[in-house]
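Asker: Please find one structure pasted underneath; my questions will follow.
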Amino acid sequence: LGREYTTEQGYEFAKATGLDILAALKLELGSLDRVSNVVKLQGFVNATEDFEQHPKVLDGCSDLMKGVFGDAGVHARSVFGVVSLRGGLPIIVDSIFEVSD
């Protein structure tokens with residue numbers, strides 16, 4: 001981000017990443033109804049050294065989680081700018097969820 005992609009595109013990439021996370025959760029759990037809390041999201045944004053909009057990029061994933069889970073989607077988060085990611089990906093999101101039986 002900051003060279004090939006805009007902050008707005010980064011937001012959409014983060015939202016798409018969140019959709020991938022939700023799809024993996026649903027596949028594993030059978031239903032998203034078992035998610036009782038989104039505990040934490042940690043984003044790694046592939047960006048130029050002068051890019052400063054990392055939090056706005058991760059908002060794409062955070063906003064999605066709040067939209068899907070309501071109050072249970074409010075979470076702790078951290079975001080880091082990095083100079084490269086595997087495969088040239090623009091963002092990677094690590095996530096932690098609380099799941100009920």
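Residues in the structure tokens are named by chain (A, B, ... in the order shown) and by number from 1 within that chain; ligands are numbered from 1 in the order shown.
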Which parts of chain A does DSSP call strand (DSSP E) when run on the backbone here, written out as a compact mmCIF listing (two decimals) with N, CA, C and O atoms, in the first residue's frame?
Answerer:
# COMPACT_ATOMS: atom_id res chain seq x y z
N VAL A 35 -19.63 -18.83 17.40
CA VAL A 35 -18.67 -17.77 17.77
C VAL A 35 -19.33 -16.90 18.83
O VAL A 35 -20.35 -16.27 18.59
N SER A 36 -18.73 -16.87 20.02
CA SER A 36 -19.29 -16.07 21.09
C SER A 36 -18.60 -14.72 21.23
O SER A 36 -19.17 -13.80 21.82
N ASN A 37 -17.38 -14.60 20.67
CA ASN A 37 -16.66 -13.34 20.80
C ASN A 37 -15.49 -13.31 19.82
O ASN A 37 -14.81 -14.32 19.64
N VAL A 38 -15.29 -12.17 19.19
CA VAL A 38 -14.06 -11.93 18.44
C VAL A 38 -13.09 -11.33 19.45
O VAL A 38 -13.32 -10.25 19.97
N VAL A 39 -12.03 -12.05 19.76
CA VAL A 39 -11.11 -11.64 20.81
C VAL A 39 -10.11 -10.61 20.29
O VAL A 39 -9.94 -9.54 20.87
N LYS A 40 -9.44 -10.93 19.15
CA LYS A 40 -8.38 -10.04 18.67
C LYS A 40 -8.15 -10.24 17.18
O LYS A 40 -8.22 -11.36 16.67
N LEU A 41 -7.85 -9.13 16.52
CA LEU A 41 -7.35 -9.15 15.14
C LEU A 41 -5.98 -8.49 15.14
O LEU A 41 -5.79 -7.46 15.78
N GLN A 42 -5.06 -9.08 14.42
CA GLN A 42 -3.72 -8.52 14.28
C GLN A 42 -3.42 -8.46 12.79
O GLN A 42 -3.41 -9.50 12.12
N GLY A 43 -3.21 -7.26 12.28
CA GLY A 43 -2.98 -7.09 10.86
C GLY A 43 -1.54 -6.75 10.53
O GLY A 43 -0.87 -6.03 11.28
N PHE A 44 -1.08 -7.28 9.42
CA PHE A 44 0.25 -6.97 8.89
C PHE A 44 0.02 -6.39 7.50
O PHE A 44 -0.46 -7.09 6.61
N VAL A 45 0.33 -5.11 7.34
CA VAL A 45 0.05 -4.39 6.10
C VAL A 45 1.35 -4.20 5.32
O VAL A 45 2.30 -3.60 5.83
N ASN A 46 1.36 -4.71 4.11
CA ASN A 46 2.50 -4.58 3.21
C ASN A 46 2.46 -3.16 2.64
O ASN A 46 1.60 -2.84 1.84
N ALA A 76 -10.03 -6.49 20.57
CA ALA A 76 -8.71 -5.86 20.66
C ALA A 76 -8.06 -6.02 19.30
O ALA A 76 -8.39 -6.93 18.55
N ARG A 77 -7.13 -5.14 18.98
CA ARG A 77 -6.45 -5.27 17.70
C ARG A 77 -5.12 -4.57 17.72
O ARG A 77 -4.87 -3.67 18.52
N SER A 78 -4.28 -4.98 16.81
CA SER A 78 -3.01 -4.31 16.58
C SER A 78 -2.72 -4.43 15.09
O SER A 78 -3.19 -5.33 14.42
N VAL A 79 -1.97 -3.47 14.59
CA VAL A 79 -1.65 -3.46 13.17
C VAL A 79 -0.21 -2.98 12.99
O VAL A 79 0.24 -2.08 13.68
N PHE A 80 0.48 -3.63 12.07
CA PHE A 80 1.89 -3.33 11.82
C PHE A 80 2.12 -3.13 10.34
O PHE A 80 1.54 -3.85 9.51
N GLY A 81 2.97 -2.20 10.01
CA GLY A 81 3.41 -2.04 8.64
C GLY A 81 4.66 -2.87 8.42
O GLY A 81 5.56 -2.90 9.28
N VAL A 82 4.70 -3.58 7.31
CA VAL A 82 5.85 -4.42 6.98
C VAL A 82 6.29 -4.11 5.55
O VAL A 82 5.50 -3.61 4.74
N ILE A 91 -2.10 -7.62 2.64
CA ILE A 91 -2.41 -7.69 4.07
C ILE A 91 -2.57 -9.15 4.50
O ILE A 91 -3.04 -9.99 3.73
N ILE A 92 -2.15 -9.42 5.72
CA ILE A 92 -2.41 -10.71 6.37
C ILE A 92 -3.04 -10.37 7.72
O ILE A 92 -2.57 -9.45 8.42
N VAL A 93 -4.08 -11.11 8.10
CA VAL A 93 -4.75 -10.87 9.38
C VAL A 93 -4.71 -12.16 10.20
O VAL A 93 -5.15 -13.22 9.73
N ASP A 94 -4.19 -12.05 11.40
CA ASP A 94 -4.20 -13.13 12.38
C ASP A 94 -5.40 -12.86 13.29
O ASP A 94 -5.64 -11.71 13.67
N SER A 95 -6.16 -13.89 13.63
CA SER A 95 -7.39 -13.66 14.40
C SER A 95 -7.54 -14.69 15.50
O SER A 95 -7.11 -15.83 15.38
N ILE A 96 -8.19 -14.24 16.59
CA ILE A 96 -8.50 -15.11 17.71
C ILE A 96 -9.99 -14.95 18.03
O ILE A 96 -10.48 -13.82 18.17
N PHE A 97 -10.69 -16.08 18.11
CA PHE A 97 -12.12 -16.09 18.40
C PHE A 97 -12.41 -16.94 19.61
O PHE A 97 -11.75 -17.96 19.82
N GLU A 98 -13.41 -16.55 20.38
CA GLU A 98 -13.92 -17.40 21.47
C GLU A 98 -15.11 -18.16 20.89
O GLU A 98 -15.99 -17.57 20.26
N VAL A 99 -15.11 -19.48 21.12
CA VAL A 99 -16.12 -20.34 20.53
C VAL A 99 -16.83 -21.12 21.64
O VAL A 99 -16.17 -21.63 22.55
Asker: Among chain A, which ones does DSSP place in helix (DSSP H, G or I), written as a ChimeraX atom specification?
Answerer: /A:7-29,32-34,54-73,86-88
Asker: Do a neighbour search on segment 10-26 of chain A at 8 Å with only C-alpha atoms, toss out local chain neighbours closer than 4 positions, and write the hits as a list in words.
Answerer: Leu1, Tyr5, Thr6, Gly30, Ser31, Leu32, Lys56, Val57, Leu58, Asp59, Gly60, Cys61, Ser62, Asp63, Leu64, Met65, Pro90, Ile91, Ile92 and Val93 of chain A
Asker: Given the choices A:Gly73, A:Arg34, A:Ala47, A:Pro55, which gets closest to Leu89 of chain A if the distance is worked out from only C-alpha atoms?
Answerer: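 The closest residue to Leu89 of chain A is A:Ala47.
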Asker: When you draw a straight line from atom CA of Phe69 of chain A to atom CA of Asp33 of chain A, how long is it in Å?
Answerer: 9.1 Å
Asker: Which of these residues is nearest to Val83 of chain A, using only C-alpha atoms: A:His54, A:Thr48, A:Gly70, A:Asp101?
Answerer: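 Using only C-alpha atoms, the shortest distance to Val83 of chain A belongs to A:Thr48.
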